[in-house]
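Structure file data19.txt (compact mmCIF, C-alpha atoms (C1' of nucleotides)) is printed below.
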```txt
# COMPACT_ATOMS: atom_id res chain seq x y z
CA MET A 1 110.55 133.93 132.37
CA SER A 2 111.56 130.70 134.11
CA GLU A 3 111.62 127.96 131.54
CA LYS A 4 112.81 124.90 133.42
CA SER A 5 111.19 122.12 131.47
CA ASN A 6 113.07 119.24 133.01
CA THR A 7 111.29 115.96 132.79
CA TYR A 8 111.82 112.65 134.53
CA THR A 9 110.92 109.05 133.98
CA ILE A 10 109.28 107.08 136.73
CA SER A 11 112.45 105.25 137.70
CA GLU A 12 114.51 108.42 137.71
CA LEU A 13 112.12 110.11 140.08
CA ALA A 14 111.80 106.96 142.15
CA SER A 15 115.51 106.53 142.71
CA GLU A 16 116.03 110.23 143.30
CA PHE A 17 113.49 110.23 146.10
CA GLY A 18 114.23 106.77 147.38
CA VAL A 19 110.81 105.35 146.70
CA THR A 20 109.58 102.62 144.38
CA SER A 21 107.76 103.05 141.10
CA ARG A 22 104.85 101.30 142.71
CA ALA A 23 104.62 104.07 145.26
CA LEU A 24 104.64 106.74 142.55
CA ARG A 25 101.82 104.97 140.72
CA LEU A 26 99.89 104.71 143.95
CA TYR A 27 100.37 108.42 144.60
CA GLU A 28 99.05 109.10 141.14
CA GLU A 29 96.04 106.89 141.73
CA SER A 30 95.51 108.82 144.97
CA GLU A 31 95.61 112.03 142.93
CA LEU A 32 98.72 113.34 144.57
CA LEU A 33 100.76 113.33 141.38
CA SER A 34 99.62 113.89 137.81
CA PRO A 35 102.39 113.21 135.33
CA LYS A 36 101.90 113.78 131.62
CA ARG A 37 101.95 110.84 129.26
CA GLU A 38 104.19 110.25 126.31
CA GLY A 39 102.24 107.46 124.72
CA THR A 40 101.84 105.16 127.65
CA ARG A 41 104.93 106.30 129.57
CA ARG A 42 104.66 108.65 132.50
CA ILE A 43 106.57 111.92 132.23
CA TYR A 44 107.12 113.75 135.47
CA ALA A 45 107.83 117.47 135.62
CA GLU A 46 109.09 119.87 138.27
CA ARG A 47 105.63 120.26 139.68
CA ASP A 48 105.59 116.57 140.48
CA ARG A 49 108.92 116.81 142.24
CA VAL A 50 107.61 119.60 144.40
CA ARG A 51 104.56 117.55 145.24
CA LEU A 52 106.67 114.53 145.99
CA ARG A 53 108.70 116.55 148.48
CA LEU A 54 105.48 117.62 150.12
CA ILE A 55 104.25 114.03 150.16
CA GLN A 56 107.40 112.93 151.93
CA ARG A 57 107.15 115.74 154.42
CA GLY A 58 103.56 114.77 155.08
CA LYS A 59 104.61 111.19 155.65
CA ARG A 60 107.29 112.22 158.11
CA LEU A 61 104.55 114.05 159.97
CA GLY A 62 102.52 110.86 160.09
CA TRP A 63 99.85 111.98 157.66
CA SER A 64 97.87 109.51 155.57
CA LEU A 65 97.76 109.92 151.80
CA ALA A 66 94.21 111.19 152.22
CA GLU A 67 95.38 113.86 154.65
CA ILE A 68 98.17 114.82 152.30
CA HIS A 69 95.58 115.13 149.58
CA GLU A 70 93.55 117.44 151.76
CA SER A 71 96.59 119.59 152.37
CA PHE A 72 97.07 119.84 148.61
CA ASP A 73 93.49 121.02 148.37
CA LEU A 74 94.41 123.82 150.74
CA TYR A 75 97.41 124.78 148.62
CA ASP A 76 95.39 124.64 145.42
CA SER A 77 92.23 126.30 146.67
CA SER A 78 91.24 129.03 144.27
CA LEU A 79 90.58 132.14 146.27
CA GLY A 80 87.09 132.71 145.02
CA GLU A 81 83.99 133.76 146.89
CA GLU A 82 83.70 135.01 150.41
CA ALA A 83 82.06 131.83 151.69
CA GLN A 84 84.80 129.72 150.14
CA LEU A 85 87.45 131.89 151.71
CA ASN A 86 85.93 131.59 155.15
CA TYR A 87 85.69 127.85 154.74
CA LEU A 88 89.33 127.73 153.70
CA LEU A 89 90.35 129.78 156.71
CA GLU A 90 88.54 127.36 159.00
CA LYS A 91 90.28 124.40 157.44
CA LEU A 92 93.62 126.11 157.73
CA ASP A 93 93.04 126.88 161.37
CA ALA A 94 92.08 123.31 162.12
CA ARG A 95 95.32 122.10 160.57
CA ARG A 96 97.24 124.75 162.41
CA ARG A 97 95.89 123.59 165.75
CA ILE A 98 96.87 120.01 165.03
CA LEU A 99 100.33 121.14 164.03
CA GLU A 100 100.69 123.20 167.20
CA THR A 101 99.84 120.14 169.25
CA GLN A 102 102.30 118.10 167.28
CA LYS A 103 104.93 120.74 167.86
CA GLN A 104 104.39 120.49 171.59
CA ASP A 105 104.51 116.71 171.36
CA VAL A 106 107.83 116.88 169.57
CA GLU A 107 109.21 119.22 172.22
CA LEU A 108 108.05 116.91 174.99
CA ALA A 109 109.51 113.86 173.33
CA LEU A 110 112.79 115.69 172.76
CA ALA A 111 112.89 116.77 176.38
CA ASP A 112 112.31 113.18 177.47
CA MET A 113 115.11 111.90 175.24
CA GLU A 114 117.49 114.53 176.52
CA HIS A 115 116.58 113.84 180.10
CA ILE A 116 117.33 110.15 179.71
CA ALA A 117 120.53 110.95 177.84
CA ASP A 118 121.70 113.31 180.59
CA ASN A 119 121.07 110.59 183.09
CA ALA A 120 122.98 108.05 181.05
CA ARG A 121 125.91 110.39 180.51
CA THR A 122 126.18 111.09 184.22
CA THR A 123 126.16 107.41 185.06
CA LEU A 124 128.70 106.76 182.34
CA SER A 125 131.02 109.45 183.59
CA ASN A 126 130.77 108.06 187.12
CA ILE A 127 131.71 104.62 185.89
CA GLN A 128 134.68 105.94 183.97
CA THR A 129 135.92 108.21 186.76
CA GLY A 130 135.57 105.59 189.42
CA LYS A 131 137.46 103.00 187.42
CA MET E 1 105.61 108.45 200.44
CA SER E 2 103.14 108.77 197.60
CA GLU E 3 100.49 106.11 198.01
CA LYS E 4 98.08 106.68 195.14
CA SER E 5 96.71 103.24 194.53
CA ASN E 6 93.89 104.20 192.19
CA THR E 7 92.74 101.44 189.92
CA TYR E 8 90.59 101.40 186.82
CA THR E 9 88.55 98.92 184.86
CA ILE E 10 89.10 98.56 181.16
CA SER E 11 86.00 100.53 180.22
CA GLU E 12 86.80 103.31 182.65
CA LEU E 13 90.23 103.78 181.17
CA ALA E 14 88.88 103.41 177.66
CA SER E 15 86.25 106.11 178.02
CA GLU E 16 88.61 108.41 179.89
CA PHE E 17 91.11 108.29 177.05
CA GLY E 18 88.61 108.07 174.23
CA VAL E 19 89.73 104.69 172.99
CA THR E 20 88.02 101.31 172.81
CA SER E 21 88.59 98.33 175.05
CA ARG E 22 89.81 96.51 171.98
CA ALA E 23 92.59 99.04 171.61
CA LEU E 24 93.63 98.61 175.24
CA ARG E 25 93.78 94.85 174.80
CA LEU E 26 95.82 95.30 171.65
CA TYR E 27 98.22 97.61 173.46
CA GLU E 28 98.61 94.96 176.14
CA GLU E 29 99.27 92.30 173.54
CA SER E 30 101.86 94.66 172.07
CA GLU E 31 103.40 94.90 175.54
CA LEU E 32 102.71 98.58 175.92
CA LEU E 33 100.42 98.10 178.90
CA SER E 34 100.55 95.47 181.62
CA PRO E 35 97.52 95.63 183.88
CA LYS E 36 97.19 93.36 186.90
CA ARG E 37 94.46 90.77 186.97
CA GLU E 38 91.69 90.32 189.51
CA GLY E 39 90.67 86.84 188.53
CA THR E 40 90.18 87.30 184.83
CA ARG E 41 89.45 91.02 184.93
CA ARG E 42 92.08 93.56 183.99
CA ILE E 43 92.95 96.11 186.65
CA TYR E 44 94.77 99.19 185.42
CA ALA E 45 96.90 101.36 187.69
CA GLU E 46 98.44 104.81 187.42
CA ARG E 47 101.44 103.42 185.64
CA ASP E 48 99.14 102.28 182.83
CA ARG E 49 97.59 105.70 182.57
CA VAL E 50 100.98 107.28 182.21
CA ARG E 51 101.87 104.78 179.50
CA LEU E 52 98.58 105.38 177.76
CA ARG E 53 99.32 109.10 177.63
CA LEU E 54 102.68 108.31 176.10
CA ILE E 55 101.05 105.94 173.63
CA GLN E 56 98.69 108.68 172.52
CA ARG E 57 101.49 111.17 172.21
CA GLY E 58 103.43 108.68 170.14
CA LYS E 59 100.43 108.18 167.88
CA ARG E 60 100.05 111.90 167.37
CA LEU E 61 103.67 111.89 166.28
CA GLY E 62 102.87 109.20 163.74
CA TRP E 63 104.74 106.40 165.50
CA SER E 64 103.77 102.77 165.08
CA LEU E 65 103.05 100.67 168.14
CA ALA E 66 106.42 99.01 167.59
CA GLU E 67 108.15 102.38 167.63
CA ILE E 68 106.28 103.35 170.76
CA HIS E 69 107.45 100.10 172.28
CA GLU E 70 111.03 100.97 171.43
CA SER E 71 110.64 104.35 173.08
CA PHE E 72 109.42 102.58 176.21
CA ASP E 73 112.56 100.49 176.07
CA LEU E 74 114.55 103.71 176.18
CA TYR E 75 112.60 104.93 179.18
CA ASP E 76 112.97 101.62 180.95
CA SER E 77 116.57 100.91 180.09
CA SER E 78 118.42 99.97 183.22
CA LEU E 79 121.58 102.04 183.33
CA GLY E 80 123.97 99.14 183.65
CA GLU E 81 127.29 98.55 181.99
CA GLU E 82 129.33 100.97 179.95
CA ALA E 83 128.59 99.23 176.66
CA GLN E 84 124.87 99.30 177.38
CA LEU E 85 125.02 102.97 178.20
CA ASN E 86 126.81 103.82 174.97
CA TYR E 87 124.28 101.80 173.04
CA LEU E 88 121.49 103.64 174.79
CA LEU E 89 123.04 107.00 173.96
CA GLU E 90 123.25 106.05 170.31
CA LYS E 91 119.60 105.05 170.25
CA LEU E 92 118.62 108.26 171.96
CA ASP E 93 120.58 110.33 169.50
CA ALA E 94 118.97 108.56 166.56
CA ARG E 95 115.54 109.37 167.94
CA ARG E 96 116.59 112.91 168.62
CA ARG E 97 117.65 113.44 165.05
CA ILE E 98 114.33 112.16 163.76
CA LEU E 99 112.50 114.43 166.15
CA GLU E 100 114.56 117.43 165.05
CA THR E 101 113.62 116.72 161.45
CA GLN E 102 110.02 116.38 162.45
CA LYS E 103 110.23 119.67 164.31
CA GLN E 104 111.46 121.38 161.15
CA ASP E 105 108.73 119.69 159.16
CA VAL E 106 106.12 120.99 161.56
CA GLU E 107 107.53 124.50 161.30
CA LEU E 108 107.51 124.34 157.52
CA ALA E 109 103.95 123.05 157.41
CA LEU E 110 102.86 125.76 159.85
CA ALA E 111 104.56 128.41 157.75
CA ASP E 112 102.77 127.12 154.66
CA MET E 113 99.40 127.19 156.39
CA GLU E 114 99.97 130.69 157.64
CA HIS E 115 101.11 131.86 154.25
CA ILE E 116 97.98 130.57 152.60
CA ALA E 117 95.87 132.02 155.38
CA ASP E 118 97.45 135.45 155.00
CA ASN E 119 96.72 135.30 151.34
CA ALA E 120 93.12 134.34 151.94
CA ARG E 121 92.60 137.04 154.55
CA THR E 122 93.97 139.68 152.21
CA THR E 123 91.68 138.58 149.41
CA LEU E 124 88.77 138.45 151.81
CA SER E 125 89.43 141.93 153.10
CA ASN E 126 89.63 143.23 149.54
CA ILE E 127 86.29 141.69 148.72
CA GLN E 128 84.67 143.17 151.80
CA THR E 129 86.20 146.62 151.34
CA GLY E 130 85.35 146.78 147.68
CA LYS E 131 81.74 145.81 148.28
C1' DC I 1 66.93 82.66 190.70
C1' DT I 2 67.41 85.06 186.53
C1' DT I 3 68.13 89.25 184.10
C1' DT I 4 71.44 92.86 183.27
C1' DA I 5 75.86 94.74 182.90
C1' DC I 6 80.75 93.99 182.15
C1' DG I 7 84.42 91.54 181.02
C1' DT I 8 87.08 87.62 178.65
C1' DT I 9 88.99 84.97 174.71
C1' DT I 10 88.84 83.62 169.91
C1' DA I 11 88.62 84.74 165.46
C1' DC I 12 87.36 86.68 161.24
C1' DG I 13 86.79 91.38 158.71
C1' DT I 14 88.63 95.96 157.13
C1' DT I 15 91.52 99.83 155.46
C1' DA I 16 95.86 101.85 154.18
C1' DA I 17 100.08 101.72 151.89
C1' DC I 18 102.58 99.59 149.61
C1' DG I 19 105.30 94.76 147.88
C1' DT I 20 105.48 91.43 144.51
C1' DC I 21 104.55 88.87 140.69
C1' DA I 22 102.84 88.09 135.75
C1' DA I 23 101.75 89.11 131.25
C1' DT I 24 102.46 92.78 127.74
C1' DT I 25 104.38 96.40 125.07
C1' DA I 26 107.43 99.63 123.22
C1' DA I 27 111.81 101.63 122.60
C1' DA I 28 116.91 101.07 122.44
C1' DA I 29 120.98 98.56 121.72
C1' DT I 30 123.47 94.95 119.55
C1' DA P 1 116.14 91.11 113.35
C1' DT P 2 116.59 89.99 117.87
C1' DT P 3 117.80 90.68 122.54
C1' DT P 4 117.75 93.92 126.42
C1' DT P 5 115.90 97.34 129.10
C1' DA P 6 112.32 100.14 130.99
C1' DA P 7 107.37 100.76 131.48
C1' DT P 8 102.55 99.55 131.73
C1' DT P 9 98.36 97.44 133.69
C1' DG P 10 96.20 94.10 136.40
C1' DA P 11 95.81 91.47 140.40
C1' DC P 12 96.89 89.09 144.48
C1' DG P 13 99.75 89.23 149.00
C1' DT P 14 101.15 91.55 153.40
C1' DT P 15 101.40 94.19 157.71
C1' DA P 16 99.49 97.28 161.09
C1' DA P 17 95.90 98.74 163.93
C1' DC P 18 92.14 98.20 165.13
C1' DG P 19 86.49 96.94 164.37
C1' DT P 20 83.14 93.66 165.11
C1' DA P 21 80.70 89.71 166.38
C1' DA P 22 80.34 85.15 168.70
C1' DA P 23 80.30 82.37 172.69
C1' DC P 24 80.98 82.27 177.36
C1' DG P 25 81.94 83.57 182.56
C1' DT P 26 80.70 86.29 186.78
C1' DA P 27 78.90 89.35 189.93
C1' DA P 28 75.47 92.53 191.34
C1' DA P 29 70.48 93.93 191.13
C1' DG P 30 65.79 93.06 191.09
```
Could I get this file's structure written as structure tokens?
Amino acid sequence: MSEKSNTYTISELASEFGVTSRALRLYEESELLSPKREGTRRIYAERDRVRLRLIQRGKRLGWSLAEIHESFDLYDSSLGEEAQLNYLLEKLDARRRILETQKQDVELALADMEHIADNARTTLSNIQTGK
Amino acid sequence: MSEKSNTYTISELASEFGVTSRALRLYEESELLSPKREGTRRIYAERDRVRLRLIQRGKRLGWSLAEIHESFDLYDSSLGEEAQLNYLLEKLDARRRILETQKQDVELALADMEHIADNARTTLSNIQTGK
DNA sequence: CTTTACGTTTACGTTAACGTCAATTAAAAT
DNA sequence: ATTTTAATTGACGTTAACGTAAACGTAAAG
């Protein structure tokens, strides 16, 4: 059995992930994290670290905290009844389509950057050769 | 020579792109668009449509208007002196790295979605078969 | 000539995602 | 016992990206 019961204080987790404590409290208020309490102190576990990674990935993708929350709902969805499953599949497909678009957008942006860079490198090489 | 001198009013452009006039004025104030004026009225040209497409792509990538503005600077950068060119290449590479990360993030998110979907479809098929 | 339809500027309102105190409290170190 | 050190809960401030409404101009249509 895996028994990794590592715990973290708020400032430990904050500095590890390069965020502020304020942000972690906000994420908790937004129901993205749910640390245990030791008295009044927050105790974060591995689960919270995993979620925090996902939060940061979501942010890099431009998602709002609400959208990240929705994605957690997808992860957490209990595979229950048939209707629920079909609903889940619809939601997943909607996300997938958005991600596919975003993938194309990234490719296009990358192509643009590389095109401009090529251009610049050519000009640069001309300058240096002709000097 | 290509002589497409199509022009558009603010509401035409707004409805075509599914944004409000307010947004277009904000984009202008943010120096992302620069329509001509016919008296006091804004007259948008093809160039503005192209920019608007880029703005929307940038937004889908989660960029702020300021970041979109910076990307326009990259597009517009006049390939001048050697120092300028090297600076441009650095900027381009920085953007490229961010985009590569984002590309990976998209792939990871897609993989997650598909994993959950597979799971759901299997469960669903079991329910339907066992019924 | 006067509605009607669009457009303009000015300006205040709103939401999200934190930043930044301030006042407390509890545990740890001296 | 007292000083640090780390946390906690308010609560107000801030920036971005618009929304929304007010007050006004102008040109075409009836």
Go ahead and align chain A to chain E (same sequence, so just pair every C-alpha in order, least squares) and export the moved chain as a PDB file with C-alpha atoms, in the frame of the given file.
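The resulting file, result04.pdb, is shown below:
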```pdb
ATOM      1  CA  MET A   1     105.486 108.390 200.580  1.00  0.00           C
ATOM      2  CA  SER A   2     103.082 108.717 197.648  1.00  0.00           C
ATOM      3  CA  GLU A   3     100.434 106.076 198.011  1.00  0.00           C
ATOM      4  CA  LYS A   4      98.066 106.682 195.123  1.00  0.00           C
ATOM      5  CA  SER A   5      96.690 103.233 194.518  1.00  0.00           C
ATOM      6  CA  ASN A   6      93.888 104.191 192.188  1.00  0.00           C
ATOM      7  CA  THR A   7      92.765 101.431 189.932  1.00  0.00           C
ATOM      8  CA  TYR A   8      90.627 101.394 186.818  1.00  0.00           C
ATOM      9  CA  THR A   9      88.602  98.907 184.872  1.00  0.00           C
ATOM     10  CA  ILE A  10      89.123  98.546 181.166  1.00  0.00           C
ATOM     11  CA  SER A  11      86.017 100.507 180.248  1.00  0.00           C
ATOM     12  CA  GLU A  12      86.818 103.290 182.678  1.00  0.00           C
ATOM     13  CA  LEU A  13      90.249 103.761 181.197  1.00  0.00           C
ATOM     14  CA  ALA A  14      88.884 103.402 177.687  1.00  0.00           C
ATOM     15  CA  SER A  15      86.262 106.095 178.053  1.00  0.00           C
ATOM     16  CA  GLU A  16      88.622 108.387 179.921  1.00  0.00           C
ATOM     17  CA  PHE A  17      91.114 108.281 177.080  1.00  0.00           C
ATOM     18  CA  GLY A  18      88.603 108.055 174.286  1.00  0.00           C
ATOM     19  CA  VAL A  19      89.725 104.696 173.008  1.00  0.00           C
ATOM     20  CA  THR A  20      88.019 101.319 172.824  1.00  0.00           C
ATOM     21  CA  SER A  21      88.607  98.331 175.056  1.00  0.00           C
ATOM     22  CA  ARG A  22      89.808  96.523 171.988  1.00  0.00           C
ATOM     23  CA  ALA A  23      92.584  99.048 171.611  1.00  0.00           C
ATOM     24  CA  LEU A  24      93.640  98.620 175.241  1.00  0.00           C
ATOM     25  CA  ARG A  25      93.796  94.849 174.800  1.00  0.00           C
ATOM     26  CA  LEU A  26      95.822  95.304 171.651  1.00  0.00           C
ATOM     27  CA  TYR A  27      98.232  97.607 173.468  1.00  0.00           C
ATOM     28  CA  GLU A  28      98.606  94.964 176.124  1.00  0.00           C
ATOM     29  CA  GLU A  29      99.270  92.292 173.533  1.00  0.00           C
ATOM     30  CA  SER A  30     101.866  94.655 172.054  1.00  0.00           C
ATOM     31  CA  GLU A  31     103.428  94.906 175.515  1.00  0.00           C
ATOM     32  CA  LEU A  32     102.708  98.567 175.912  1.00  0.00           C
ATOM     33  CA  LEU A  33     100.435  98.096 178.903  1.00  0.00           C
ATOM     34  CA  SER A  34     100.575  95.461 181.622  1.00  0.00           C
ATOM     35  CA  PRO A  35      97.552  95.621 183.886  1.00  0.00           C
ATOM     36  CA  LYS A  36      97.224  93.355 186.901  1.00  0.00           C
ATOM     37  CA  ARG A  37      94.505  90.745 186.984  1.00  0.00           C
ATOM     38  CA  GLU A  38      91.767  90.303 189.509  1.00  0.00           C
ATOM     39  CA  GLY A  39      90.707  86.833 188.532  1.00  0.00           C
ATOM     40  CA  THR A  40      90.222  87.288 184.845  1.00  0.00           C
ATOM     41  CA  ARG A  41      89.478  91.026 184.924  1.00  0.00           C
ATOM     42  CA  ARG A  42      92.101  93.566 184.001  1.00  0.00           C
ATOM     43  CA  ILE A  43      92.992  96.124 186.660  1.00  0.00           C
ATOM     44  CA  TYR A  44      94.796  99.186 185.427  1.00  0.00           C
ATOM     45  CA  ALA A  45      96.918 101.358 187.694  1.00  0.00           C
ATOM     46  CA  GLU A  46      98.471 104.807 187.443  1.00  0.00           C
ATOM     47  CA  ARG A  47     101.454 103.422 185.627  1.00  0.00           C
ATOM     48  CA  ASP A  48      99.172 102.280 182.845  1.00  0.00           C
ATOM     49  CA  ARG A  49      97.604 105.703 182.585  1.00  0.00           C
ATOM     50  CA  VAL A  50     101.008 107.265 182.212  1.00  0.00           C
ATOM     51  CA  ARG A  51     101.879 104.781 179.514  1.00  0.00           C
ATOM     52  CA  LEU A  52      98.603 105.374 177.767  1.00  0.00           C
ATOM     53  CA  ARG A  53      99.335 109.096 177.631  1.00  0.00           C
ATOM     54  CA  LEU A  54     102.689 108.302 176.107  1.00  0.00           C
ATOM     55  CA  ILE A  55     101.058 105.939 173.625  1.00  0.00           C
ATOM     56  CA  GLN A  56      98.693 108.669 172.521  1.00  0.00           C
ATOM     57  CA  ARG A  57     101.493 111.163 172.207  1.00  0.00           C
ATOM     58  CA  GLY A  58     103.417 108.665 170.128  1.00  0.00           C
ATOM     59  CA  LYS A  59     100.416 108.184 167.891  1.00  0.00           C
ATOM     60  CA  ARG A  60     100.024 111.910 167.380  1.00  0.00           C
ATOM     61  CA  LEU A  61     103.641 111.901 166.269  1.00  0.00           C
ATOM     62  CA  GLY A  62     102.842 109.207 163.737  1.00  0.00           C
ATOM     63  CA  TRP A  63     104.714 106.429 165.488  1.00  0.00           C
ATOM     64  CA  SER A  64     103.753 102.783 165.071  1.00  0.00           C
ATOM     65  CA  LEU A  65     103.043 100.675 168.144  1.00  0.00           C
ATOM     66  CA  ALA A  66     106.411  99.026 167.571  1.00  0.00           C
ATOM     67  CA  GLU A  67     108.148 102.400 167.620  1.00  0.00           C
ATOM     68  CA  ILE A  68     106.276 103.353 170.753  1.00  0.00           C
ATOM     69  CA  HIS A  69     107.455 100.112 172.272  1.00  0.00           C
ATOM     70  CA  GLU A  70     111.017 100.985 171.400  1.00  0.00           C
ATOM     71  CA  SER A  71     110.630 104.355 173.052  1.00  0.00           C
ATOM     72  CA  PHE A  72     109.419 102.590 176.190  1.00  0.00           C
ATOM     73  CA  ASP A  73     112.559 100.495 176.058  1.00  0.00           C
ATOM     74  CA  LEU A  74     114.536 103.718 176.158  1.00  0.00           C
ATOM     75  CA  TYR A  75     112.588 104.950 179.175  1.00  0.00           C
ATOM     76  CA  ASP A  76     112.940 101.626 180.956  1.00  0.00           C
ATOM     77  CA  SER A  77     116.550 100.899 180.091  1.00  0.00           C
ATOM     78  CA  SER A  78     118.410  99.984 183.236  1.00  0.00           C
ATOM     79  CA  LEU A  79     121.553 102.037 183.355  1.00  0.00           C
ATOM     80  CA  GLY A  80     123.929  99.151 183.658  1.00  0.00           C
ATOM     81  CA  GLU A  81     127.254  98.566 181.981  1.00  0.00           C
ATOM     82  CA  GLU A  82     129.301 100.965 179.958  1.00  0.00           C
ATOM     83  CA  ALA A  83     128.576  99.223 176.660  1.00  0.00           C
ATOM     84  CA  GLN A  84     124.854  99.293 177.371  1.00  0.00           C
ATOM     85  CA  LEU A  85     125.014 102.966 178.196  1.00  0.00           C
ATOM     86  CA  ASN A  86     126.797 103.807 174.979  1.00  0.00           C
ATOM     87  CA  TYR A  87     124.273 101.797 173.030  1.00  0.00           C
ATOM     88  CA  LEU A  88     121.459 103.638 174.774  1.00  0.00           C
ATOM     89  CA  LEU A  89     123.034 106.983 173.976  1.00  0.00           C
ATOM     90  CA  GLU A  90     123.230 106.041 170.308  1.00  0.00           C
ATOM     91  CA  LYS A  91     119.591 105.053 170.247  1.00  0.00           C
ATOM     92  CA  LEU A  92     118.611 108.253 171.969  1.00  0.00           C
ATOM     93  CA  ASP A  93     120.557 110.317 169.492  1.00  0.00           C
ATOM     94  CA  ALA A  94     118.959 108.564 166.559  1.00  0.00           C
ATOM     95  CA  ARG A  95     115.520 109.364 167.938  1.00  0.00           C
ATOM     96  CA  ARG A  96     116.575 112.899 168.634  1.00  0.00           C
ATOM     97  CA  ARG A  97     117.625 113.430 165.037  1.00  0.00           C
ATOM     98  CA  ILE A  98     114.306 112.145 163.761  1.00  0.00           C
ATOM     99  CA  LEU A  99     112.483 114.423 166.156  1.00  0.00           C
ATOM    100  CA  GLU A 100     114.552 117.411 165.057  1.00  0.00           C
ATOM    101  CA  THR A 101     113.598 116.715 161.466  1.00  0.00           C
ATOM    102  CA  GLN A 102     109.993 116.376 162.459  1.00  0.00           C
ATOM    103  CA  LYS A 103     110.210 119.657 164.306  1.00  0.00           C
ATOM    104  CA  GLN A 104     111.453 121.364 161.174  1.00  0.00           C
ATOM    105  CA  ASP A 105     108.711 119.689 159.166  1.00  0.00           C
ATOM    106  CA  VAL A 106     106.099 120.995 161.559  1.00  0.00           C
ATOM    107  CA  GLU A 107     107.531 124.501 161.306  1.00  0.00           C
ATOM    108  CA  LEU A 108     107.503 124.335 157.521  1.00  0.00           C
ATOM    109  CA  ALA A 109     103.961 123.056 157.404  1.00  0.00           C
ATOM    110  CA  LEU A 110     102.861 125.763 159.833  1.00  0.00           C
ATOM    111  CA  ALA A 111     104.558 128.416 157.744  1.00  0.00           C
ATOM    112  CA  ASP A 112     102.788 127.115 154.648  1.00  0.00           C
ATOM    113  CA  MET A 113      99.404 127.184 156.379  1.00  0.00           C
ATOM    114  CA  GLU A 114      99.979 130.698 157.618  1.00  0.00           C
ATOM    115  CA  HIS A 115     101.125 131.874 154.238  1.00  0.00           C
ATOM    116  CA  ILE A 116      97.978 130.577 152.581  1.00  0.00           C
ATOM    117  CA  ALA A 117      95.856 132.025 155.371  1.00  0.00           C
ATOM    118  CA  ASP A 118      97.471 135.453 154.995  1.00  0.00           C
ATOM    119  CA  ASN A 119      96.730 135.317 151.324  1.00  0.00           C
ATOM    120  CA  ALA A 120      93.130 134.345 151.921  1.00  0.00           C
ATOM    121  CA  ARG A 121      92.623 137.047 154.528  1.00  0.00           C
ATOM    122  CA  THR A 122      93.971 139.706 152.196  1.00  0.00           C
ATOM    123  CA  THR A 123      91.693 138.605 149.394  1.00  0.00           C
ATOM    124  CA  LEU A 124      88.778 138.479 151.793  1.00  0.00           C
ATOM    125  CA  SER A 125      89.425 141.960 153.074  1.00  0.00           C
ATOM    126  CA  ASN A 126      89.635 143.260 149.507  1.00  0.00           C
ATOM    127  CA  ILE A 127      86.295 141.709 148.688  1.00  0.00           C
ATOM    128  CA  GLN A 128      84.671 143.192 151.756  1.00  0.00           C
ATOM    129  CA  THR A 129      86.188 146.653 151.317  1.00  0.00           C
ATOM    130  CA  GLY A 130      85.373 146.847 147.661  1.00  0.00           C
ATOM    131  CA  LYS A 131      81.764 145.862 148.193  1.00  0.00           C
TER     132      LYS A 131
END
```
Could you tell me which residues of chain A sit within 7 Å of chain E when counting all atoms listed in the file, and give me the result as a ChimeraX atom specification? /A:57,60-62,79,82,85,89,92,96,99,102-103,105-106,110,113,117,120,124
Now that the selection is made, can you save its residues with C-alpha atoms as a compact mmCIF listing (two decimals), in the frame of the given file?
```txt
# COMPACT_ATOMS: atom_id res chain seq x y z
CA ARG A 57 107.15 115.74 154.42
CA ARG A 60 107.29 112.22 158.11
CA LEU A 61 104.55 114.05 159.97
CA GLY A 62 102.52 110.86 160.09
CA LEU A 79 90.58 132.14 146.27
CA GLU A 82 83.70 135.01 150.41
CA LEU A 85 87.45 131.89 151.71
CA LEU A 89 90.35 129.78 156.71
CA LEU A 92 93.62 126.11 157.73
CA ARG A 96 97.24 124.75 162.41
CA LEU A 99 100.33 121.14 164.03
CA GLN A 102 102.30 118.10 167.28
CA LYS A 103 104.93 120.74 167.86
CA ASP A 105 104.51 116.71 171.36
CA VAL A 106 107.83 116.88 169.57
CA LEU A 110 112.79 115.69 172.76
CA MET A 113 115.11 111.90 175.24
CA ALA A 117 120.53 110.95 177.84
CA ALA A 120 122.98 108.05 181.05
CA LEU A 124 128.70 106.76 182.34
```
What residues in chain A have any atom no more than 12 Å from chain P when counting all atoms listed in the file, and can you write them as an mmCIF file with C-alpha atoms, keeping the file's coordinate frame?
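Generated output (part26.cif):
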```
data_model
loop_
_atom_site.group_PDB
_atom_site.id
_atom_site.type_symbol
_atom_site.label_atom_id
_atom_site.label_comp_id
_atom_site.auth_asym_id
_atom_site.auth_seq_id
_atom_site.Cartn_x
_atom_site.Cartn_y
_atom_site.Cartn_z
ATOM 1 C CA THR A 9 110.920 109.050 133.980
ATOM 2 C CA ILE A 10 109.280 107.080 136.730
ATOM 3 C CA SER A 11 112.450 105.250 137.700
ATOM 4 C CA GLU A 12 114.510 108.420 137.710
ATOM 5 C CA SER A 21 107.760 103.050 141.100
ATOM 6 C CA ARG A 22 104.850 101.300 142.710
ATOM 7 C CA ARG A 25 101.820 104.970 140.720
ATOM 8 C CA ARG A 37 101.950 110.840 129.260
ATOM 9 C CA GLU A 38 104.190 110.250 126.310
ATOM 10 C CA GLY A 39 102.240 107.460 124.720
ATOM 11 C CA THR A 40 101.840 105.160 127.650
ATOM 12 C CA ARG A 41 104.930 106.300 129.570
ATOM 13 C CA ARG A 42 104.660 108.650 132.500
ATOM 14 C CA ILE A 43 106.570 111.920 132.230
#
```
Find, counting all atoms listed in the file, the residue in I:DT2, I:DT15, I:DA22, I:DA29 that gets nearest to chain A. I:DT15
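As for atom CA of A:Arg49 and atom CA of A:Leu24, they are spaced 10.9 Å apart.
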